[in-house]
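**Q** Below: one structure in structure tokens.
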Amino acid sequence: MGKYIIEGGRGLYGSLTIKGAKNSVLTLLAASILTPEKVVLHGCPDIGDVAVMLRILRKLGCKVERTDDIVEIDSSGLHSYKIACDPAKELRSSVFMLGSLLSRLKRAKAVYPGGCDIGLRPIDIHLAGLRELGVTVGERHGHIDCDGTNAEPADIMLDLPSVGATENLMMACVFLNGVSILRNCAKEPEIVDLQNFLNAMGAKVRGAGGSVITVEGVKRLHGVEYTPIPDRIVAGTWAIGAVMCGGKLTLENVIPEHLSSLLAKLPKSSCKIYPRDGKITIESKGRPRAVPKTETMYYPGFPTDLQAQMTALQSVSDGTAVIVENIFETRFRSAVELCKMGANITVSGNTAVVRGVPELYGSRVVATDLRGGASLVLAAAAASGRSEIDEIHHIDRGYEDLAAILPQVGVDIKRE
Ligand code: UD1
């Protein structure tokens, strides 16, 4: 389990280098089984969700080796189409393996997926898309059993621009004999990364980043060595932290364009932002001003994965802020924990009203989910006094050991 102990009240000074995006790495790992040849991914973060995904791959018969940030996958020995129950329950991305397993083996079986408890996370759009491709999908006793023997290309309209469904269907279509068209696709940078990765393996995928993606089937894919995009959510978390705590923080290895919705908002808090050549520097002094309204939206809108961190920033800003969560319904659970630190937040349905207080005080709080947990780390770093954050396995799912990383920029944090 473990906890973080943070002595707050110091600024963030120095630089942090951002590693590969969790949400890209997980998808690319799922896609790595599309070829029996070796796939090498660089810049992979050492985080819980990646470890679970590697366990899933091993249980399917893949050889997986990790050396520092480099992960090598050899799926020539892939012998099973059943995604192992235990790891899959922990990780929502395991459902993305349905598409790649169907492409490789024509069969796939999974349990209903896990992941953060941040509201209802259905997979109906994934399954409807697979059915439109002619895949037989059986749902029984909490299992999803797919048979893709008769799969063929189709023209599919997604009900919502779901990130996972878009990725799953891209992978399900790569070997179908003809052109598949996916409409109303998610436009997140991770989808573009998947397209680039698949095309680097020899696939013919076009249109990612826009709402229509076409996949022209090919006979086979080959091995590849690839570096996933940097994690825009981790970068955004520390950018928000620099505004909350004050200081001068440079984030290396970022693509500022991927953070444009956040970078458009932060200067309203009175910080200065200098984006240049794959890095950004955030300089902030004094108490931040409230950003009146933040509403989460599909990309390029404000990411739901930065909503909790933005709520934490508003809790110490001067003025009142309204935060509207449009993607996942119960994503304000960490607000209750922030209130234990002195924040003044009222939640009603999908809207939080945050009345900024001059200062938070150190407290004992509990991480309830990944991004909510990160918001508590920021709050504790900005607060006066000592905080203890319990249940940090949630934070470990998406952030490398913060007790090793954050002291580099002046945060007094220990892991127990
Ligand atoms: C991905 C990200 C997650 C991020 C989310 C939204 C990964 C591993 N995770 O999750 O960090 O918070 O995108 O940017 O990449 N929906 C349905 N039916 C479905 C699928 C989704 O109704 O079959 C709904 C969801 O309930 C949600 C919305 O669509 O309201 C968006 O979800 P989706 O984009 O699918 O999120 P994930 O792919 O699970």
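In the structure tokens, the first chain shown is A, the next is B, and so on; residue numbers restart at 1 for each chain, and ligands run from 1 in the order shown.
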Per residue of region 251-334 of chain A within 9 Å of region 359-362 of chain A, what are the shortest atom pair and its distance in Å to one decimal, counting only C-alpha atoms, with rows by chain and residue number, as a Markdown table?

**A**
| residue | atom | partner | partner_atom | distance |
| --- | --- | --- | --- | --- |
| A:Ser315 | CA | A:Leu360 | CA | 8.2 |
| A:Val316 | CA | A:Glu359 | CA | 5.9 |
| A:Ser317 | CA | A:Glu359 | CA | 8.9 |

**Q** Write the residues you've just listed into a file as a compact mmCIF listing (two decimals), in the first residue's frame, and include C-alpha atoms for each of them.

**A**
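Okay, this is what ended up in selection16.txt:
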# COMPACT_ATOMS: atom_id res chain seq x y z
CA SER A 315 -8.64 25.75 -4.09
CA VAL A 316 -5.74 28.09 -3.21
CA SER A 317 -6.38 30.75 -5.86

**Q** Within 9 Å of ligand 1, which residues of chain A come that close, and what is the closest atom pair and distance in Å for each? Count only C-alpha atoms and all ligand atoms and give it as JSON lines.

**A**
{"residue": "A:Lys22", "atom": "CA", "partner": "ligand 1", "partner_atom_place_in_ligand_line": "8 (C)", "distance": 7.2}
{"residue": "A:Asn23", "atom": "CA", "partner": "ligand 1", "partner_atom_place_in_ligand_line": "15 (O)", "distance": 4.2}
{"residue": "A:Ser24", "atom": "CA", "partner": "ligand 1", "partner_atom_place_in_ligand_line": "15 (O)", "distance": 6.9}
{"residue": "A:Val25", "atom": "CA", "partner": "ligand 1", "partner_atom_place_in_ligand_line": "8 (C)", "distance": 8.9}
{"residue": "A:Leu26", "atom": "CA", "partner": "ligand 1", "partner_atom_place_in_ligand_line": "8 (C)", "distance": 6.5}
{"residue": "A:Thr27", "atom": "CA", "partner": "ligand 1", "partner_atom_place_in_ligand_line": "8 (C)", "distance": 7.1}
{"residue": "A:Asp49", "atom": "CA", "partner": "ligand 1", "partner_atom_place_in_ligand_line": "8 (C)", "distance": 9.0}
{"residue": "A:Leu91", "atom": "CA", "partner": "ligand 1", "partner_atom_place_in_ligand_line": "8 (C)", "distance": 8.4}
{"residue": "A:Arg92", "atom": "CA", "partner": "ligand 1", "partner_atom_place_in_ligand_line": "8 (C)", "distance": 6.6}
{"residue": "A:Ser93", "atom": "CA", "partner": "ligand 1", "partner_atom_place_in_ligand_line": "8 (C)", "distance": 5.1}
{"residue": "A:Ser94", "atom": "CA", "partner": "ligand 1", "partner_atom_place_in_ligand_line": "8 (C)", "distance": 8.8}
{"residue": "A:Phe96", "atom": "CA", "partner": "ligand 1", "partner_atom_place_in_ligand_line": "8 (C)", "distance": 8.6}
{"residue": "A:Gly115", "atom": "CA", "partner": "ligand 1", "partner_atom_place_in_ligand_line": "39 (O)", "distance": 8.4}
{"residue": "A:Cys116", "atom": "CA", "partner": "ligand 1", "partner_atom_place_in_ligand_line": "11 (O)", "distance": 8.9}
{"residue": "A:Gly119", "atom": "CA", "partner": "ligand 1", "partner_atom_place_in_ligand_line": "26 (O)", "distance": 7.5}
{"residue": "A:Leu120", "atom": "CA", "partner": "ligand 1", "partner_atom_place_in_ligand_line": "26 (O)", "distance": 5.8}
{"residue": "A:Arg121", "atom": "CA", "partner": "ligand 1", "partner_atom_place_in_ligand_line": "26 (O)", "distance": 4.3}
{"residue": "A:Pro122", "atom": "CA", "partner": "ligand 1", "partner_atom_place_in_ligand_line": "18 (N)", "distance": 4.5}
{"residue": "A:Ile123", "atom": "CA", "partner": "ligand 1", "partner_atom_place_in_ligand_line": "23 (O)", "distance": 3.1}
{"residue": "A:Asp124", "atom": "CA", "partner": "ligand 1", "partner_atom_place_in_ligand_line": "23 (O)", "distance": 3.9}
{"residue": "A:Ile125", "atom": "CA", "partner": "ligand 1", "partner_atom_place_in_ligand_line": "23 (O)", "distance": 3.5}
{"residue": "A:His126", "atom": "CA", "partner": "ligand 1", "partner_atom_place_in_ligand_line": "23 (O)", "distance": 4.9}
{"residue": "A:Leu127", "atom": "CA", "partner": "ligand 1", "partner_atom_place_in_ligand_line": "23 (O)", "distance": 7.0}
{"residue": "A:Ala128", "atom": "CA", "partner": "ligand 1", "partner_atom_place_in_ligand_line": "23 (O)", "distance": 8.1}
{"residue": "A:Asp159", "atom": "CA", "partner": "ligand 1", "partner_atom_place_in_ligand_line": "22 (O)", "distance": 7.9}
{"residue": "A:Leu160", "atom": "CA", "partner": "ligand 1", "partner_atom_place_in_ligand_line": "29 (O)", "distance": 5.9}
{"residue": "A:Pro161", "atom": "CA", "partner": "ligand 1", "partner_atom_place_in_ligand_line": "34 (O)", "distance": 6.3}
{"residue": "A:Ser162", "atom": "CA", "partner": "ligand 1", "partner_atom_place_in_ligand_line": "34 (O)", "distance": 3.4}
{"residue": "A:Val163", "atom": "CA", "partner": "ligand 1", "partner_atom_place_in_ligand_line": "34 (O)", "distance": 3.7}
{"residue": "A:Gly164", "atom": "CA", "partner": "ligand 1", "partner_atom_place_in_ligand_line": "38 (O)", "distance": 3.3}
{"residue": "A:Ala165", "atom": "CA", "partner": "ligand 1", "partner_atom_place_in_ligand_line": "35 (O)", "distance": 5.9}
{"residue": "A:Thr166", "atom": "CA", "partner": "ligand 1", "partner_atom_place_in_ligand_line": "35 (O)", "distance": 8.1}
{"residue": "A:Glu167", "atom": "CA", "partner": "ligand 1", "partner_atom_place_in_ligand_line": "38 (O)", "distance": 8.2}
{"residue": "A:Ala186", "atom": "CA", "partner": "ligand 1", "partner_atom_place_in_ligand_line": "34 (O)", "distance": 7.0}
{"residue": "A:Glu188", "atom": "CA", "partner": "ligand 1", "partner_atom_place_in_ligand_line": "14 (O)", "distance": 7.6}
{"residue": "A:Glu190", "atom": "CA", "partner": "ligand 1", "partner_atom_place_in_ligand_line": "15 (O)", "distance": 7.5}
{"residue": "A:Ile233", "atom": "CA", "partner": "ligand 1", "partner_atom_place_in_ligand_line": "11 (O)", "distance": 8.8}
{"residue": "A:Met297", "atom": "CA", "partner": "ligand 1", "partner_atom_place_in_ligand_line": "14 (O)", "distance": 8.1}
{"residue": "A:Tyr298", "atom": "CA", "partner": "ligand 1", "partner_atom_place_in_ligand_line": "14 (O)", "distance": 6.3}
{"residue": "A:Tyr299", "atom": "CA", "partner": "ligand 1", "partner_atom_place_in_ligand_line": "14 (O)", "distance": 7.4}
{"residue": "A:Pro303", "atom": "CA", "partner": "ligand 1", "partner_atom_place_in_ligand_line": "14 (O)", "distance": 6.2}
{"residue": "A:Thr304", "atom": "CA", "partner": "ligand 1", "partner_atom_place_in_ligand_line": "12 (O)", "distance": 5.6}
{"residue": "A:Asp305", "atom": "CA", "partner": "ligand 1", "partner_atom_place_in_ligand_line": "12 (O)", "distance": 5.1}
{"residue": "A:Leu306", "atom": "CA", "partner": "ligand 1", "partner_atom_place_in_ligand_line": "12 (O)", "distance": 8.8}
{"residue": "A:Asn326", "atom": "CA", "partner": "ligand 1", "partner_atom_place_in_ligand_line": "30 (O)", "distance": 7.4}
{"residue": "A:Ile327", "atom": "CA", "partner": "ligand 1", "partner_atom_place_in_ligand_line": "30 (O)", "distance": 4.3}
{"residue": "A:Phe328", "atom": "CA", "partner": "ligand 1", "partner_atom_place_in_ligand_line": "30 (O)", "distance": 5.0}
{"residue": "A:Glu329", "atom": "CA", "partner": "ligand 1", "partner_atom_place_in_ligand_line": "30 (O)", "distance": 7.5}

**Q** Between A:Val353, A:Leu28, A:Leu263, A:Val347, which has the minimum distance to Ala200 (chain A) (counting only C-alpha atoms)?

**A**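 Checking each candidate against Ala200 (chain A), we get A:Leu28 as the closest.
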
**Q** Among region 110-158 of chain A, which ones does DSSP assign to alpha helix (DSSP H) (computed from the backbone)? Answer as a ChimeraX atom specification.

**A** /A:124-132

**Q** Pick out the closest residue to Val52 (chain A) from this set: A:Asp396, A:Asp155, A:Asp412, A:Glu90. Count only C-alpha atoms.

**A** A:Glu90

**Q** Compile the contact shell of Ser15 (chain A) as a VMD selection string: residues with an atom at most 7 Å away, counting only C-alpha atoms, same-chain residues fewer than 4 positions apart removed.

**A** chain A and resid 249 to 252 409

**Q** For Arg232 (chain A), which of A:Ser269, A:Thr214, A:Gln195, A:Asn253 is the closest residue, counting only C-alpha atoms?

**A** A:Asn253

**Q** What lies within 10 Å of Gly223 (chain A) using only C-alpha atoms, ignoring chain neighbours under 3 positions off, as number ranges by chain?

**A** A: 32-40, 73-74, 200-202, 226

**Q** Got a sec: who's within 12 Å of region 367-374 of chain A, counting only C-alpha atoms, leaving out chain neighbours fewer than 5 positions off, as a PyMOL selection string?

**A** chain A and resi 1-4+22+47-49+115-119+233-238+240-241+303-313+330-338+379-381+388-402

**Q** Please, what distance in Å, to one decimal, runs between CA of Ala84 (chain A) and CA of Lys106 (chain A)?

**A**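 Between these atoms lies a distance of 17.2 Å.
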
**Q** Between CA of Thr67 (chain A) and CA of Pro228 (chain A), what distance in Å does the model show, to one decimal?

**A**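 CA of Pro228 (chain A) lies at a distance of 16.2 Å from CA of Thr67 (chain A).
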
**Q** Would you return as a count of residues only the members of region 148-381 of chain A that DSSP assigns to strand (DSSP E or B) on this structure's backbone?

**A** 64

**Q** Which value, in Å to one decimal, gives the distance between CA of Gly99 (chain A) and CA of Leu169 (chain A)?

**A**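 Here the two named atoms are 6.0 Å from each other.
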
**Q** Name all residues at most 7 Å from Val411 (chain A) (count only C-alpha atoms; drop same-chain ones fewer than 2 positions away) and give them as a ChimeraX atom specification.

**A** /A:10,12,381,406-407,409,413

**Q** Write out the residues from the selection above, keeping N, CA and C atoms, as a tab-separated table (two decimals), in the first residue's frame.

**A**
chain	number	residue	atom	x	y	z
A	10	ARG	N	7.10	24.74	-0.05
A	10	ARG	CA	8.29	25.16	-0.80
A	10	ARG	C	7.92	25.36	-2.27
A	12	LEU	N	8.68	25.17	-6.47
A	12	LEU	CA	9.27	24.15	-7.36
A	12	LEU	C	10.31	24.83	-8.24
A	381	ALA	N	2.06	19.62	-1.34
A	381	ALA	CA	3.31	20.36	-1.60
A	381	ALA	C	3.10	21.85	-1.40
A	406	LEU	N	10.31	14.15	-7.21
A	406	LEU	CA	9.99	15.52	-6.81
A	406	LEU	C	11.06	16.21	-5.95
A	407	PRO	N	11.87	15.46	-5.16
A	407	PRO	CA	12.94	16.16	-4.44
A	407	PRO	C	13.91	16.88	-5.38
A	409	VAL	N	13.19	18.84	-7.60
A	409	VAL	CA	12.74	20.22	-7.82
A	409	VAL	C	12.32	20.88	-6.50
A	413	ILE	N	9.48	15.24	0.09
A	413	ILE	CA	8.52	14.12	0.02
A	413	ILE	C	9.25	12.81	0.29

**Q** If we count only C-alpha atoms, what is near region 284-289 of chain A at a cut-off of 6 Å, once residues fewer than 3 positions away on the same chain are taken out, given as a list in words?

**A** Val243, Gly246, Gly247, Ser269, Ser270, Cys271, Ser317 and Asp318 of chain A

**Q** When distances are computed from only C-alpha atoms, which of A:Val291, A:Ile280, A:Val71, A:Val224 shows the smallest separation from Leu266 (chain A)?

**A**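 Of the candidates, the smallest distance to Leu266 (chain A) is held by A:Val291.
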